[in-house]
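The structure appears below as structure tokens.
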Amino acid sequence: MDWFQKLPGFQRTPYGIEWRILRRMPTVALAGTVLPALMALAARWLIGGATAAEVARNLQRFDYMMIGLVIFLWTLVVTVVIGCVIVWLMKGPAYVADGLPVSHSDAPRP
């Protein structure tokens with residue numbers, strides 16, 4: 001039994017925008033990680049306050065926001081990559097399904 005019998009006469013769909021998006025995702029993930037890290041580093045010199053406790057609280061809040069931004073961007077990248085892989089798989093070769101006899105194929109049930 002050949003489970004992967006390709007559909008005769010099927011023409012593959014050419015690759016489209018999904019490959020361009022997939023090629024950019026490592027750059028987007030890297031930039032989405034490095035830029036917030038650099039912003040958090042720059043915040044050490046830019047964020048000020050009246051007291052040391054206030055400066056520490058503001059820095060910690062900003063660090064948490066940057067961590068949240070990085071996690072959001074990673075989630076976005078993973079979601080886009082999954083979508084592109086699904087499109088890529090759907091454009092692949094078509095396969096013939098194994099036909100199974102159906103008892104009511106001549107007269108479908110309502």
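As shown in the structure tokens, the chain order sets the letters A, B, ...; within each chain, residues go from 1, and ligands are also counted from 1 in the order they appear.
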
Practice problem: Run DSSP on the backbone of this structure and report the residues of segment 11-96 of chain A it assigns to alpha helix (DSSP H), as a PyMOL selection string. | Solution: chain A and resi 17-46+52-90

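For segment 16-19 of chain A, the list of residues within 9 Å, based on only C-alpha atoms and with local chain neighbours fewer than 4 positions off taken out, reads Arg23, Arg24, Val81, Gly83, Cys84, Val85, Val87 and Trp88 of chain A.
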
Contacts of Asn58 of chain A within 9 Å, only C-alpha atoms, excl. fewer than 3 positions in-chain, as a PDB file with N, CA and C atoms, in the first residue's frame:
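Dumped to part10.pdb:
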ATOM      1  N   ILE A  47      17.203  57.343  32.850  1.00  0.00           N
ATOM      2  CA  ILE A  47      16.127  57.420  33.837  1.00  0.00           C
ATOM      3  C   ILE A  47      16.695  57.980  35.141  1.00  0.00           C
ATOM      4  N   GLY A  48      16.027  58.982  35.625  1.00  0.00           N
ATOM      5  CA  GLY A  48      16.457  59.612  36.867  1.00  0.00           C
ATOM      6  C   GLY A  48      15.313  59.661  37.859  1.00  0.00           C
ATOM      7  N   GLY A  49      15.592  60.152  39.005  1.00  0.00           N
ATOM      8  CA  GLY A  49      14.569  60.296  40.034  1.00  0.00           C
ATOM      9  C   GLY A  49      15.132  61.057  41.213  1.00  0.00           C
ATOM     10  N   ALA A  53      15.722  54.884  45.608  1.00  0.00           N
ATOM     11  CA  ALA A  53      14.633  53.901  45.551  1.00  0.00           C
ATOM     12  C   ALA A  53      13.719  54.179  44.364  1.00  0.00           C
ATOM     13  N   GLU A  54      13.462  55.442  44.110  1.00  0.00           N
ATOM     14  CA  GLU A  54      12.613  55.797  42.975  1.00  0.00           C
ATOM     15  C   GLU A  54      13.290  55.449  41.646  1.00  0.00           C
ATOM     16  N   VAL A  55      14.595  55.681  41.544  1.00  0.00           N
ATOM     17  CA  VAL A  55      15.345  55.318  40.338  1.00  0.00           C
ATOM     18  C   VAL A  55      15.316  53.810  40.133  1.00  0.00           C
ATOM     19  N   ARG A  61      10.729  48.784  36.481  1.00  0.00           N
ATOM     20  CA  ARG A  61       9.512  48.843  35.675  1.00  0.00           C
ATOM     21  C   ARG A  61       9.858  48.860  34.186  1.00  0.00           C
ATOM     22  N   PHE A  62      10.855  49.652  33.802  1.00  0.00           N
ATOM     23  CA  PHE A  62      11.265  49.722  32.402  1.00  0.00           C
ATOM     24  C   PHE A  62      11.840  48.385  31.934  1.00  0.00           C
ATOM     25  N   ASP A  63      12.623  47.726  32.792  1.00  0.00           N
ATOM     26  CA  ASP A  63      13.156  46.402  32.440  1.00  0.00           C
ATOM     27  C   ASP A  63      12.025  45.406  32.218  1.00  0.00           C
TER      28      ASP A  63
END

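Distances here use only C-alpha atoms; by that measure, the residue among A:Val28, A:Val78, A:Leu22, A:Met66 closest to Ala42 of chain A is A:Met66.
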
Practice problem: Write out as a ChimeraX atom specification each polymer residue whose atoms come within 9 Å of Phe4 of chain A, counting only C-alpha atoms; drop sequence neighbours fewer than 5 positions from it. | Solution: /A:95-97
